[in-house]
Structures are given as C-alpha cells and as structure tokens.
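Chemist: I'm passing along work.txt; it holds compact mmCIF, C-alpha atoms (C1' of nucleotides).
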```txt
# COMPACT_ATOMS: atom_id res chain seq x y z
CA MET A 1 54.05 -47.73 -21.37
CA LEU A 2 50.33 -47.73 -22.01
CA GLY A 3 48.25 -50.83 -21.35
CA LYS A 4 47.41 -53.04 -24.25
CA ARG A 5 43.80 -51.92 -24.18
CA GLU A 6 44.71 -48.28 -24.63
CA ARG A 7 47.07 -49.07 -27.46
CA THR A 8 44.45 -51.09 -29.32
CA ARG A 9 41.93 -48.35 -28.78
CA ALA A 10 44.30 -45.72 -30.14
CA ARG A 11 45.14 -47.88 -33.14
CA LEU A 12 41.44 -48.36 -33.90
CA LEU A 13 40.82 -44.64 -33.66
CA ARG A 14 43.74 -43.85 -35.92
CA CYS A 15 42.80 -46.40 -38.58
CA ALA A 16 39.13 -45.40 -38.48
CA LEU A 17 39.90 -41.71 -38.89
CA GLU A 18 42.16 -42.41 -41.84
CA LEU A 19 39.64 -44.65 -43.57
CA PHE A 20 36.77 -42.26 -42.94
CA GLU A 21 38.75 -39.42 -44.49
CA ARG A 22 39.76 -41.50 -47.48
CA GLN A 23 36.44 -43.15 -48.32
CA GLY A 24 33.78 -41.51 -46.18
CA PHE A 25 32.00 -42.70 -43.06
CA GLU A 26 29.17 -44.68 -44.62
CA GLN A 27 31.45 -46.21 -47.24
CA THR A 28 33.80 -47.54 -44.59
CA THR A 29 32.96 -50.86 -43.01
CA VAL A 30 33.71 -51.78 -39.42
CA ALA A 31 35.24 -54.97 -40.76
CA GLN A 32 37.67 -52.81 -42.77
CA ILE A 33 38.60 -50.79 -39.72
CA ALA A 34 39.10 -53.87 -37.60
CA ALA A 35 41.25 -55.46 -40.28
CA ALA A 36 43.33 -52.30 -40.67
CA ALA A 37 43.93 -52.29 -36.94
CA GLY A 38 44.83 -55.98 -36.97
CA VAL A 39 41.92 -56.94 -34.80
CA THR A 40 38.54 -58.67 -34.92
CA GLU A 41 35.20 -56.94 -35.39
CA MET A 42 34.23 -58.15 -31.96
CA THR A 43 37.19 -56.40 -30.38
CA LEU A 44 36.32 -53.17 -32.16
CA TYR A 45 32.81 -53.36 -30.77
CA ARG A 46 34.16 -53.94 -27.30
CA HIS A 47 36.08 -50.69 -27.50
CA PHE A 48 33.42 -48.75 -29.44
CA PRO A 49 29.92 -50.19 -29.05
CA ALA A 50 28.73 -48.18 -32.05
CA LYS A 51 30.46 -47.13 -35.24
CA GLU A 52 29.72 -43.46 -34.59
CA LEU A 53 31.66 -43.56 -31.34
CA LEU A 54 34.82 -43.89 -33.40
CA VAL A 55 34.26 -40.24 -34.28
CA LEU A 56 32.15 -38.93 -31.41
CA ASP A 57 33.45 -39.73 -27.97
CA ASP A 58 33.12 -36.40 -26.21
CA PRO A 59 32.09 -36.93 -22.63
CA TYR A 60 29.63 -34.73 -20.83
CA ASP A 61 31.13 -31.54 -19.48
CA PRO A 62 29.95 -30.43 -16.01
CA VAL A 63 31.69 -27.06 -16.35
CA ILE A 64 28.91 -25.89 -18.66
CA VAL A 65 26.09 -26.68 -16.27
CA ALA A 66 27.96 -25.04 -13.41
CA ALA A 67 28.53 -21.89 -15.42
CA ILE A 68 24.84 -21.70 -16.28
CA ALA A 69 23.82 -22.30 -12.69
CA GLY A 70 25.93 -19.32 -11.73
CA GLN A 71 24.00 -16.86 -13.89
CA PRO A 72 21.66 -14.36 -12.21
CA ARG A 73 18.09 -15.63 -12.22
CA SER A 74 16.70 -12.29 -13.23
CA LEU A 75 17.89 -12.89 -16.78
CA PRO A 76 15.75 -14.76 -19.31
CA PRO A 77 16.70 -18.44 -19.72
CA LEU A 78 18.20 -18.09 -23.18
CA THR A 79 20.45 -15.29 -21.99
CA ARG A 80 21.54 -17.34 -19.01
CA VAL A 81 22.50 -20.29 -21.15
CA VAL A 82 24.31 -18.13 -23.69
CA ASN A 83 26.24 -16.26 -21.03
CA GLY A 84 26.97 -19.46 -19.16
CA LEU A 85 28.50 -20.91 -22.27
CA ARG A 86 30.59 -17.83 -22.92
CA GLN A 87 31.95 -18.13 -19.42
CA ALA A 88 32.54 -21.88 -19.70
CA TRP A 89 34.43 -21.29 -22.92
CA ARG A 90 36.74 -18.83 -21.15
CA MET A 91 37.55 -21.44 -18.50
CA LEU A 92 38.14 -24.31 -20.90
CA PRO A 93 41.38 -24.49 -22.84
CA GLU A 94 41.19 -24.13 -26.58
CA PRO A 95 41.24 -27.79 -27.63
CA ALA A 96 43.95 -29.26 -29.83
CA SER A 97 42.47 -27.86 -32.99
CA GLU A 98 43.81 -30.00 -35.79
CA ILE A 99 42.62 -33.42 -34.70
CA VAL A 100 39.28 -31.97 -33.62
CA ARG A 101 38.85 -30.29 -36.97
CA ARG A 102 39.51 -33.54 -38.80
CA ARG A 103 36.88 -35.30 -36.78
CA VAL A 104 34.30 -32.56 -37.11
CA ARG A 105 34.93 -32.46 -40.83
CA ILE A 106 34.02 -36.14 -40.98
CA VAL A 107 30.89 -35.42 -39.00
CA ALA A 108 30.00 -32.62 -41.39
CA GLY A 109 30.15 -35.07 -44.26
CA SER A 110 27.66 -37.60 -42.94
CA SER A 111 24.07 -36.92 -42.03
CA ALA A 112 24.03 -40.05 -39.89
CA LEU A 113 26.97 -38.66 -37.92
CA ARG A 114 25.39 -35.24 -37.59
CA ALA A 115 22.29 -36.85 -36.17
CA ALA A 116 24.41 -38.88 -33.79
CA ALA A 117 26.28 -35.76 -32.73
CA ILE A 118 23.03 -34.07 -31.86
CA ARG A 119 21.89 -37.12 -29.95
CA ASN A 120 25.17 -36.89 -28.09
CA ASN A 121 24.17 -33.48 -26.82
CA GLU A 122 20.91 -34.71 -25.38
CA ASP A 123 22.40 -35.64 -22.04
CA THR A 124 23.93 -32.24 -21.53
CA GLU A 125 20.79 -30.56 -22.83
CA ARG A 126 18.72 -32.41 -20.30
CA LEU A 127 20.99 -31.38 -17.45
CA VAL A 128 20.92 -27.76 -18.56
CA THR A 129 17.14 -27.90 -18.80
CA GLU A 130 16.87 -29.37 -15.33
CA GLN A 131 19.15 -26.69 -13.97
CA LEU A 132 16.98 -23.96 -15.44
CA VAL A 133 13.80 -25.58 -14.15
CA THR A 134 15.36 -25.82 -10.70
CA ASP A 135 16.00 -22.10 -10.91
CA GLY A 136 12.31 -21.47 -11.52
CA THR A 137 12.00 -21.50 -15.30
CA ALA A 138 9.00 -23.27 -16.84
CA ALA A 139 9.70 -26.57 -18.60
CA LEU A 140 9.23 -25.47 -22.19
CA PRO A 141 11.30 -22.28 -22.13
CA ALA A 142 14.03 -24.16 -20.30
CA ARG A 143 14.11 -26.88 -22.89
CA VAL A 144 13.98 -24.44 -25.77
CA ALA A 145 16.85 -22.39 -24.41
CA ALA A 146 18.95 -25.50 -23.97
CA VAL A 147 18.35 -27.07 -27.36
CA ALA A 148 18.67 -23.79 -29.24
CA VAL A 149 22.08 -23.08 -27.77
CA PHE A 150 23.42 -26.56 -28.43
CA ALA A 151 22.06 -26.51 -31.94
CA ALA A 152 23.89 -23.23 -32.43
CA LEU A 153 27.10 -24.66 -31.01
CA THR A 154 26.91 -27.68 -33.27
CA ALA A 155 26.29 -25.47 -36.28
CA ALA A 156 29.29 -23.38 -35.28
CA LEU A 157 31.53 -26.43 -35.05
CA LEU A 158 30.39 -27.74 -38.42
CA GLU A 159 30.91 -24.38 -40.07
CA TRP A 160 34.30 -23.92 -38.42
CA SER A 161 35.53 -27.29 -39.64
CA GLN A 162 35.15 -26.14 -43.24
CA HIS A 163 37.38 -23.06 -42.94
CA HIS A 164 40.92 -23.78 -41.86
CA ASP A 165 41.59 -20.11 -41.28
CA ALA A 166 38.93 -19.50 -38.64
CA ARG A 167 39.54 -19.67 -34.91
CA LEU A 168 37.09 -21.81 -33.01
CA GLY A 169 36.60 -19.23 -30.27
CA ASP A 170 35.60 -16.55 -32.76
CA VAL A 171 33.15 -18.83 -34.52
CA ILE A 172 31.48 -19.80 -31.29
CA ALA A 173 31.31 -16.18 -30.19
CA THR A 174 29.57 -15.27 -33.43
CA ALA A 175 27.10 -18.12 -33.03
CA LEU A 176 26.21 -17.05 -29.51
CA ASP A 177 25.88 -13.43 -30.58
CA THR A 178 23.45 -14.50 -33.27
CA LEU A 179 21.27 -16.12 -30.63
CA GLU A 180 21.01 -12.77 -28.91
CA ALA A 181 19.94 -11.20 -32.19
CA ARG A 182 23.15 -9.19 -32.42
CA HIS A 183 23.70 -9.46 -36.15
CA GLY A 184 22.49 -7.93 -39.37
CA MET B 1 -12.29 -45.90 -54.29
CA LEU B 2 -8.63 -45.53 -53.44
CA GLY B 3 -6.03 -47.42 -55.40
CA LYS B 4 -4.60 -50.56 -53.94
CA ARG B 5 -1.29 -48.85 -53.30
CA GLU B 6 -2.88 -46.19 -51.13
CA ARG B 7 -4.86 -48.74 -49.18
CA THR B 8 -1.77 -50.85 -48.46
CA ARG B 9 0.11 -47.74 -47.45
CA ALA B 10 -2.63 -46.69 -45.06
CA ARG B 11 -2.83 -50.18 -43.59
CA LEU B 12 0.92 -50.23 -43.01
CA LEU B 13 0.79 -46.83 -41.32
CA ARG B 14 -2.08 -47.88 -39.09
CA CYS B 15 -0.47 -51.17 -38.04
CA ALA B 16 2.90 -49.54 -37.47
CA LEU B 17 1.45 -46.79 -35.30
CA GLU B 18 -0.43 -49.30 -33.19
CA LEU B 19 2.59 -51.55 -32.70
CA PHE B 20 4.89 -48.64 -31.94
CA GLU B 21 2.50 -47.42 -29.27
CA ARG B 22 2.12 -50.86 -27.76
CA GLN B 23 5.74 -51.99 -27.71
CA GLY B 24 7.89 -49.03 -28.63
CA PHE B 25 9.66 -48.11 -31.85
CA GLU B 26 12.92 -49.99 -31.38
CA GLN B 27 11.15 -53.04 -29.99
CA THR B 28 8.95 -53.31 -33.06
CA THR B 29 10.33 -55.15 -36.03
CA VAL B 30 9.55 -54.27 -39.62
CA ALA B 31 8.75 -57.94 -40.14
CA GLN B 32 6.08 -57.63 -37.43
CA ILE B 33 4.57 -54.59 -39.08
CA ALA B 34 4.54 -56.22 -42.48
CA ALA B 35 2.92 -59.35 -41.06
CA ALA B 36 0.30 -57.30 -39.22
CA ALA B 37 -0.54 -55.55 -42.47
CA GLY B 38 -0.69 -58.85 -44.32
CA VAL B 39 2.22 -58.00 -46.57
CA THR B 40 5.87 -58.83 -47.17
CA GLU B 41 8.82 -56.93 -45.74
CA MET B 42 9.79 -56.03 -49.28
CA THR B 43 6.45 -54.38 -49.89
CA LEU B 44 6.78 -52.38 -46.71
CA TYR B 45 10.17 -51.12 -47.85
CA ARG B 46 8.75 -50.14 -51.19
CA HIS B 47 6.22 -47.90 -49.46
CA PHE B 48 8.57 -46.69 -46.71
CA PRO B 49 12.25 -47.01 -47.63
CA ALA B 50 13.21 -46.58 -43.98
CA LYS B 51 11.52 -47.64 -40.77
CA GLU B 52 11.50 -44.06 -39.46
CA LEU B 53 9.40 -42.92 -42.40
CA LEU B 54 6.50 -44.86 -40.91
CA VAL B 55 6.40 -42.10 -38.31
CA LEU B 56 8.04 -39.15 -40.03
CA ASP B 57 6.73 -38.33 -43.46
CA ASP B 58 6.31 -34.58 -43.28
CA PRO B 59 7.23 -33.00 -46.57
CA TYR B 60 9.14 -29.77 -46.87
CA ASP B 61 6.97 -26.70 -46.51
CA PRO B 62 7.73 -23.76 -48.85
CA VAL B 63 5.40 -21.44 -46.95
CA ILE B 64 8.01 -21.08 -44.22
CA VAL B 65 10.79 -19.97 -46.53
CA ALA B 66 8.48 -17.52 -48.25
CA ALA B 67 7.42 -15.99 -44.96
CA ILE B 68 11.04 -15.56 -43.93
CA ALA B 69 11.96 -14.05 -47.26
CA GLY B 70 9.25 -11.46 -46.69
CA GLN B 71 10.79 -10.13 -43.48
CA PRO B 72 12.50 -6.74 -43.55
CA ARG B 73 16.26 -7.10 -43.98
CA SER B 74 17.00 -4.52 -41.35
CA LEU B 75 16.14 -7.06 -38.66
CA PRO B 76 18.74 -9.49 -37.31
CA PRO B 77 18.55 -12.97 -38.87
CA LEU B 78 17.19 -14.72 -35.79
CA THR B 79 14.38 -12.20 -35.53
CA ARG B 80 13.56 -12.61 -39.19
CA VAL B 81 13.31 -16.38 -38.90
CA VAL B 82 11.26 -16.20 -35.71
CA ASN B 83 8.84 -13.67 -37.16
CA GLY B 84 8.66 -15.55 -40.43
CA LEU B 85 7.62 -18.65 -38.56
CA ARG B 86 5.01 -16.81 -36.56
CA GLN B 87 3.53 -15.54 -39.79
CA ALA B 88 3.70 -18.96 -41.48
CA TRP B 89 1.91 -20.46 -38.52
CA ARG B 90 -0.91 -17.97 -38.92
CA MET B 91 -1.35 -18.97 -42.56
CA LEU B 92 -1.23 -22.71 -41.99
CA PRO B 93 -4.27 -24.49 -40.58
CA GLU B 94 -3.93 -26.05 -37.15
CA PRO B 95 -3.21 -29.67 -38.11
CA ALA B 96 -5.46 -32.54 -37.08
CA SER B 97 -4.12 -32.67 -33.56
CA GLU B 98 -4.83 -36.13 -32.31
CA ILE B 99 -3.09 -38.25 -34.90
CA VAL B 100 -0.16 -35.83 -34.94
CA ARG B 101 0.13 -36.00 -31.18
CA ARG B 102 0.23 -39.79 -31.27
CA ARG B 103 3.03 -39.72 -33.78
CA VAL B 104 5.03 -37.07 -31.99
CA ARG B 105 4.64 -38.99 -28.76
CA ILE B 106 6.25 -41.96 -30.44
CA VAL B 107 9.06 -39.74 -31.64
CA ALA B 108 9.52 -38.42 -28.12
CA GLY B 109 10.02 -41.96 -26.89
CA SER B 110 12.87 -42.93 -29.20
CA SER B 111 16.20 -41.19 -29.47
CA ALA B 112 16.72 -42.75 -32.88
CA LEU B 113 13.46 -41.17 -34.03
CA ARG B 114 14.33 -37.82 -32.51
CA ALA B 115 17.58 -37.88 -34.41
CA ALA B 116 15.75 -38.79 -37.59
CA ALA B 117 13.28 -35.97 -37.02
CA ILE B 118 16.13 -33.51 -36.75
CA ARG B 119 17.69 -34.89 -39.88
CA ASN B 120 14.32 -34.36 -41.53
CA ASN B 121 14.58 -30.66 -40.79
CA GLU B 122 17.94 -30.32 -42.48
CA ASP B 123 16.47 -29.71 -45.91
CA THR B 124 14.29 -26.89 -44.71
CA GLU B 125 17.11 -25.52 -42.56
CA ARG B 126 19.36 -25.39 -45.58
CA LEU B 127 16.76 -23.52 -47.62
CA VAL B 128 16.19 -21.03 -44.82
CA THR B 129 19.93 -20.54 -44.49
CA GLU B 130 20.29 -19.95 -48.21
CA GLN B 131 17.46 -17.47 -48.14
CA LEU B 132 19.14 -15.48 -45.37
CA VAL B 133 22.49 -15.59 -47.14
CA THR B 134 20.83 -14.34 -50.31
CA ASP B 135 19.49 -11.44 -48.28
CA GLY B 136 23.01 -10.51 -47.23
CA THR B 137 23.53 -12.39 -43.98
CA ALA B 138 26.89 -14.07 -43.39
CA ALA B 139 26.95 -17.86 -43.59
CA LEU B 140 27.39 -18.67 -39.93
CA PRO B 141 24.74 -16.36 -38.46
CA ALA B 142 22.32 -17.54 -41.13
CA ARG B 143 22.92 -21.17 -40.29
CA VAL B 144 22.73 -20.55 -36.56
CA ALA B 145 19.44 -18.69 -36.85
CA ALA B 146 17.97 -21.49 -38.93
CA VAL B 147 19.05 -24.41 -36.76
CA ALA B 148 18.21 -22.67 -33.50
CA VAL B 149 14.64 -22.00 -34.59
CA PHE B 150 14.05 -25.51 -35.86
CA ALA B 151 15.56 -26.99 -32.74
CA ALA B 152 13.15 -24.83 -30.74
CA LEU B 153 10.20 -25.93 -32.87
CA THR B 154 11.11 -29.59 -32.46
CA ALA B 155 11.44 -29.14 -28.70
CA ALA B 156 8.04 -27.45 -28.67
CA LEU B 157 6.43 -30.35 -30.52
CA LEU B 158 7.98 -32.92 -28.23
CA GLU B 159 6.92 -31.03 -25.13
CA TRP B 160 3.42 -30.47 -26.51
CA SER B 161 2.94 -34.16 -27.21
CA GLN B 162 3.28 -34.95 -23.52
CA HIS B 163 0.49 -32.65 -22.34
CA HIS B 164 -2.90 -33.40 -23.81
CA ASP B 165 -4.31 -30.15 -22.48
CA ALA B 166 -1.98 -27.79 -24.31
CA ARG B 167 -2.74 -26.17 -27.65
CA LEU B 168 -0.03 -26.52 -30.24
CA GLY B 169 -0.21 -22.89 -31.25
CA ASP B 170 0.38 -21.70 -27.71
CA VAL B 171 3.32 -24.01 -27.21
CA ILE B 172 4.97 -22.87 -30.42
CA ALA B 173 4.37 -19.25 -29.51
CA THR B 174 6.07 -19.76 -26.17
CA ALA B 175 9.02 -21.47 -27.82
CA LEU B 176 9.49 -18.62 -30.27
CA ASP B 177 9.17 -16.06 -27.50
CA THR B 178 11.90 -17.82 -25.59
CA LEU B 179 14.22 -17.42 -28.56
CA GLU B 180 13.72 -13.69 -28.32
CA ALA B 181 14.63 -13.82 -24.64
CA ARG B 182 11.11 -12.88 -23.61
CA HIS B 183 10.82 -15.11 -20.57
CA GLY B 184 11.88 -15.23 -16.96
C1' DG C 1 57.59 -69.65 -14.15
C1' DA C 2 52.70 -70.05 -12.59
C1' DC C 3 48.40 -68.24 -11.92
C1' DG C 4 44.31 -65.19 -12.05
C1' DA C 5 42.50 -61.65 -14.74
C1' DA C 6 42.22 -58.89 -18.73
C1' DA C 7 42.06 -58.80 -23.64
C1' DT C 8 40.96 -60.98 -27.74
C1' DG C 9 38.99 -64.55 -30.83
C1' DT C 10 35.04 -67.75 -32.70
C1' DT C 11 30.63 -68.81 -33.96
C1' DA C 12 25.99 -67.97 -34.55
C1' DG C 13 22.29 -65.05 -35.09
C1' DC C 14 19.08 -60.86 -35.25
C1' DT C 15 17.54 -56.57 -37.57
C1' DG C 16 17.44 -53.00 -41.07
C1' DC C 17 17.93 -52.62 -45.73
C1' DT C 18 18.96 -53.52 -51.03
C1' DA C 19 19.11 -55.88 -55.56
C1' DA C 20 17.51 -58.96 -59.19
C1' DC C 21 14.17 -61.50 -60.90
C1' DA C 22 9.48 -64.00 -60.81
C1' DT C 23 4.57 -63.72 -60.04
C1' DT C 24 0.20 -61.92 -59.29
C1' DT C 25 -3.29 -58.25 -59.48
C1' DT C 26 -5.35 -54.03 -61.43
C1' DG C 27 -7.23 -50.97 -64.40
C1' DC C 28 -8.36 -50.14 -68.89
C1' DC C 29 -9.46 -50.79 -73.82
C1' DT C 30 -11.65 -53.18 -77.31
C1' DA D 1 -16.60 -60.11 -70.97
C1' DG D 2 -11.84 -60.85 -72.28
C1' DG D 3 -7.24 -59.74 -72.82
C1' DC D 4 -3.12 -57.04 -72.13
C1' DA D 5 0.30 -53.74 -70.29
C1' DA D 6 1.57 -51.89 -66.17
C1' DA D 7 1.43 -51.65 -61.40
C1' DA D 8 1.82 -54.03 -57.12
C1' DT D 9 3.52 -57.69 -54.66
C1' DG D 10 6.35 -61.83 -53.69
C1' DT D 11 10.94 -64.70 -53.48
C1' DT D 12 15.53 -65.34 -52.75
C1' DA D 13 19.98 -63.95 -51.66
C1' DG D 14 22.99 -61.04 -49.48
C1' DC D 15 25.42 -57.01 -46.94
C1' DA D 16 26.28 -54.13 -42.82
C1' DG D 17 25.75 -53.02 -37.99
C1' DC D 18 25.39 -55.09 -33.81
C1' DT D 19 24.84 -58.71 -29.74
C1' DA D 20 25.42 -62.97 -27.00
C1' DA D 21 27.76 -67.09 -25.30
C1' DC D 22 31.61 -69.42 -24.92
C1' DA D 23 36.68 -70.52 -25.94
C1' DT D 24 41.40 -68.93 -26.18
C1' DT D 25 45.27 -66.20 -25.75
C1' DT D 26 48.04 -62.67 -23.50
C1' DC D 27 49.32 -59.68 -19.49
C1' DG D 28 50.75 -58.28 -15.18
C1' DT D 29 52.21 -59.93 -10.93
C1' DC D 30 53.75 -62.79 -7.17
```
Will you turn the file into structure tokens for me?

Modeler:
Amino acid sequence: MLGKRERTRARLLRCALELFERQGFEQTTVAQIAAAAGVTEMTLYRHFPAKELLVLDDPYDPVIVAAIAGQPRSLPPLTRVVNGLRQAWRMLPEPASEIVRRRVRIVAGSSALRAAAIRNNEDTERLVTEQLVTDGTAALPARVAAVAVFAALTAALLEWSQHHDARLGDVIATALDTLEARHG
Amino acid sequence: MLGKRERTRARLLRCALELFERQGFEQTTVAQIAAAAGVTEMTLYRHFPAKELLVLDDPYDPVIVAAIAGQPRSLPPLTRVVNGLRQAWRMLPEPASEIVRRRVRIVAGSSALRAAAIRNNEDTERLVTEQLVTDGTAALPARVAAVAVFAALTAALLEWSQHHDARLGDVIATALDTLEARHG
DNA sequence: GACGAAATGTTAGCTGCTAACATTTTGCCT
DNA sequence: AGGCAAAATGTTAGCAGCTAACATTTCGTC
C-alpha cells in the first residue's frame, strides 16, 4: 500500500487533470482542485509548488545528454544534438501514450502552460549547451543547437497531441528530419 | 509637444527599466514602479496591461513573413525560413542598440521574462507556419521550421546582450548559420 | 497503546491583475 | 478667456496564485 503522501498526490493529479480538461487550465482554480481532492489549498501547494506542475512534472533526463556527448565531434553541433536525440529516443521506451497525450493536449490549450513547458526545458538545454561547449563548440552555436532542437521537440509533442492517429516516434522523427532540412 | 499619455508612458518605461536593472524584474513591484513614476497602479496597468510588457513591447513584423513568402518553394522549409530571415534582416535597420541591449539583458535575467518573450513570438510563428503551409508544406515541418528559427533568434539576442563588444547582425548570422549545420 | 515524525490544517498576508465608478485634466471650439 | 466633451487618472473592492509561521491531526513503529 502506498504512503498517504503518494495517494494524496495521485488524487490531486487526477482531479486536476479532469478539471483542466472540463473547464480549461486558466479557468480552473487551485481552490477547486484542492476541494475536489478533499484537501486544503496549502496541502496542494506542498505537493505542487506551482499550478503548472500539476501538468508538467517531467524530470530532467540524463540519457539525452549522454547520447549527445557520444556523437563524433567532427559533426556540426546541430547534427550532433539531432543525432543524439534520435539515439536517446531509441533507448527510451515509448511512454504510456494516452495519459501523456491528455496532458500535452492541456498544455497545447494554454499559452501560459506552453511557456512553462519551454521554461521546463531550460535546465536540459543548459546541460546540452555545456556539453557541446566542453566538446569545443563556441557558446552561441552550442546554445542555438540546443534550443532549436528542444523547440522542435516541443512543437512535435504539441502537434502530436492533436492527432490521435499519429505515433509519437514518427512525429518526432519528422521534426528532427526537418531540422536537417530534409523536407519539401 | 507630446500628449500627456505618451509622456506618462515614457516615464513609466524609464522608471521600470531603471528599477529592473537595479533590483531585478521579479524583485520589483508594480506598485514601486507606479510610485516612482508618480502615478497609481491602475494607471500603470492601463498603459501596460501586464508587467512583462514594460520590457517586451515589440510588435509583430510583417516584413519577416513577406521575406519568407518570397523564397523559392523548391527549398526545404527550414532553409526558406532561415533565408527569409537573412533577407528581412538586410532590409530592416540595425535597431538602436544600447536601449535594446539593456532590455534584453533584463529579459536574460528572468526566466519569467524569457518565457514571456517566447510567448511573444507565438503570433509571428503562427503566421510563418501558415505561410509555409499555404506554400504546400505539411503542418508539422512548417511548425518545426518556424519555432526552431525563432528559438535560435531569441537565443542569439540573449547571448548578444551579454557581450557588449558583439554586433547584433553578426550574432544573428552565426545563429542562422548554425541552423544550417554550418559550424564545427 | 504511546511516541516521534510526517502529513495536513489555519490564519494572515503579499503580488499581479481586473472591474465599476468617481474625479480631475486636456484639448478644443466658440 | 471660458466652457465643455473626452481623455487621463484616481479610488475602492475583490479575485487568484503563492508564501510563511504556527497549530493540529494522522501515521508508522516500537
């Protein structure tokens, strides 16, 4: 049996997701969510210090940085990041699609959430940038390669969430191909 | 002589910029800014409906979309957007650097502002995407090309603001080159 | 069952932001 | 100059997200 903390957390997540889908993110109040979960606002904030974290709680993934670090340094930075991500994707399991899609769909519907999602990537972007710089790339190209790829990934996720027939892997592959100018 | 409205607006901008530089964006309160400008909070909000708009008030620029629309459709979407931007940059005058650099430096120092800046680009991104789709590109590649380029531009601006010796044009050129994998 | 620790509740308050209505200030016309 | 409509500003009240400090309950364990 799970600890009480985990159960409360799960209940909050479930209620929040449902309310967000029914009335939208901005239109839903944290007081409503707390009430629906049978809990105080304060308790909600102890589990999720910001409202956005009820939708965005993806932790940083070290597999990505490792995969990029493993790319040959003769390649241009953008190519290294793109190829690193392709490889990381092959390692990672395809995530449980349906719950992820529901969440991403909520993100797609709120510009505040989209902004928060991008801010969420900043940590990983910084690590990728640092990795590239360590490998001898100048600061600006490193940063550009990192942000461009994560922007592309985010766009892919948002687009994917709107089509229930698409497979996430295919969408991401297309996005990465586009970054290598393989599309017309 | 300027109207009273314009003078108040300018005073608010000046006071806000100064306070943001001295104590940071998050640490500065709109009440402080209003007081410094000799005005009520309400008046501030009438001029700038959101705190971020005291730093980010760049309007949408149709020159960019036009330049992209003028690119040959045989090229891949990313290349068209990159080349369109290079051309648009040649048309546009180099902006008054110093005030811009101060503002961008403030943006660089606040993740909330960075997020807002990205959200600011969404309108233009959408128009660029629509332009590409009109020209026959599929939805996802169009969107990816658009967001990747604007992410790169934003990164270039942020990086540029930290080095007072760099010329904006050069930094942007480097960023765009990186997107075409011309760097190692 | 008791006891320390973890989880939750209470109260109060700050900040960004909005709405509705009152007041002053401007610019203009006669 | 004087007066008048409109523009600009002020006042008050309130909501939502979020934080801090302190009190209370509940849990796991011995």

Chemist: So the first atom is atom C1' of DT25 of chain C and the second is atom C1' of DC4 of chain D; what is the distance between them in Å, to one decimal place?

Modeler: 12.7 Å

Chemist: Using only C-alpha atoms (C1' of nucleotides), determine which residues lie at most 12 Å from DA5 of chain C, disregarding the query and same-chain residues fewer than 6 positions distant; provide the list as a PyMOL selection string.

Modeler: chain D and resi 26-29

Chemist: So which residues fall inside 12 Å of (35.3, -22.5, -40.4) if we count all atoms listed in the file? Mind giving them as a ChimeraX atom specification?

Modeler: /A:97,101-102,104-105,108,155-172,174-175 /B:139-140

Chemist: With all atoms listed in the file considered, list every residue of chain B at most 6 Å from chain A, as an MDAnalysis selection string.

Modeler: chainID B and resid 76 78 115 141 144 148 151:152 178 181 183:184

Chemist: Restrict the calculation to all atoms listed in the file, then for each residue of chain C with any atom at most 10 Å from an atom of chain A give the closest atom pair and their distance in Å to one decimal, rows by chain and rising residue number, as JSON lines.

Modeler:
```
{"residue": "C:DA6", "atom": "C1'", "partner": "A:Arg5", "partner_atom": "CA", "distance": 9.0}
{"residue": "C:DA7", "atom": "C1'", "partner": "A:Arg5", "partner_atom": "CA", "distance": 7.1}
{"residue": "C:DT8", "atom": "C1'", "partner": "A:Thr43", "partner_atom": "CA", "distance": 6.5}
{"residue": "C:DG9", "atom": "C1'", "partner": "A:Thr40", "partner_atom": "CA", "distance": 7.2}
{"residue": "C:DT10", "atom": "C1'", "partner": "A:Met42", "partner_atom": "CA", "distance": 9.7}
```

Chemist: Between atom CA of His47 of chain A and atom CA of Gly24 of chain A, measure the distance and give it in Å to one decimal.

Modeler: 20.9 Å

Chemist: Check every residue of chain A for an atom within 12 Å of chain D, counting all atoms listed in the file, and provide those that qualify as a VMD selection string.

Modeler: chain A and resid 3 to 5 26 to 32 41 to 42 44 to 46 48 to 52

Chemist: Calculate how many Å separate atom CA of Glu94 of chain A from atom CA of Leu56 of chain A, rounding to one decimal.

Modeler: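 That distance, rounded to one decimal, is 18.0 Å.
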
Chemist: For segment 13-22 of chain C, what centre and edge lengths in Å (one decimal) does the axis-aligned box get once 4 Å is added on each side of all its listed atoms, as lines of an AutoDock Vina configuration file?

Modeler:
```
center_x = 15.9
center_y = -58.8
center_z = -48.0
size_x = 20.8
size_y = 20.4
size_z = 33.8
```

Chemist: Residues near segment 82-88 of chain B, anyone? I mean within 6 Å using only C-alpha atoms (C1' of nucleotides), not counting same-chain ones fewer than 2 positions away, as a list of chain:residue names.

Modeler: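 Residues meeting the cut-off are B:Ile64, B:Ala67, B:Ile68, B:Thr79, B:Arg80, B:Arg90, B:Met91.
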
Chemist: Taking the block above, write segment 96-109 of chain B with N, CA and C atoms as a short mmCIF file (atom, residue, chain, number, x, y, z; two decimals), in the first residue's frame.

Modeler:
```cif
data_model
loop_
_atom_site.label_atom_id
_atom_site.label_comp_id
_atom_site.auth_asym_id
_atom_site.auth_seq_id
_atom_site.Cartn_x
_atom_site.Cartn_y
_atom_site.Cartn_z
N ALA B 96 18.41 50.71 -32.59
CA ALA B 96 19.21 51.48 -31.62
C ALA B 96 19.71 50.53 -30.54
N SER B 97 20.98 50.18 -30.63
CA SER B 97 21.49 49.03 -29.89
C SER B 97 21.41 49.18 -28.38
N GLU B 98 21.77 50.33 -27.86
CA GLU B 98 22.02 50.37 -26.44
C GLU B 98 20.78 50.14 -25.59
N ILE B 99 19.70 50.82 -25.94
CA ILE B 99 18.48 50.62 -25.16
C ILE B 99 17.97 49.19 -25.32
N VAL B 100 18.08 48.66 -26.54
CA VAL B 100 17.64 47.29 -26.78
C VAL B 100 18.46 46.32 -25.93
N ARG B 101 19.76 46.56 -25.89
CA ARG B 101 20.61 45.66 -25.13
C ARG B 101 20.25 45.68 -23.65
N ARG B 102 19.95 46.87 -23.13
CA ARG B 102 19.55 46.94 -21.72
C ARG B 102 18.30 46.11 -21.48
N ARG B 103 17.35 46.24 -22.37
CA ARG B 103 16.11 45.49 -22.18
C ARG B 103 16.35 44.00 -22.28
N VAL B 104 17.08 43.60 -23.31
CA VAL B 104 17.31 42.16 -23.49
C VAL B 104 18.08 41.60 -22.30
N ARG B 105 18.99 42.41 -21.75
CA ARG B 105 19.74 41.93 -20.60
C ARG B 105 18.79 41.66 -19.43
N ILE B 106 17.80 42.50 -19.29
CA ILE B 106 16.81 42.25 -18.24
C ILE B 106 16.05 40.95 -18.52
N VAL B 107 15.70 40.77 -19.77
CA VAL B 107 15.00 39.53 -20.14
C VAL B 107 15.87 38.32 -19.81
N ALA B 108 17.16 38.44 -20.13
CA ALA B 108 18.07 37.32 -19.89
C ALA B 108 18.13 36.95 -18.41
N GLY B 109 17.85 37.91 -17.55
CA GLY B 109 17.98 37.67 -16.13
C GLY B 109 16.73 37.15 -15.45
#
```
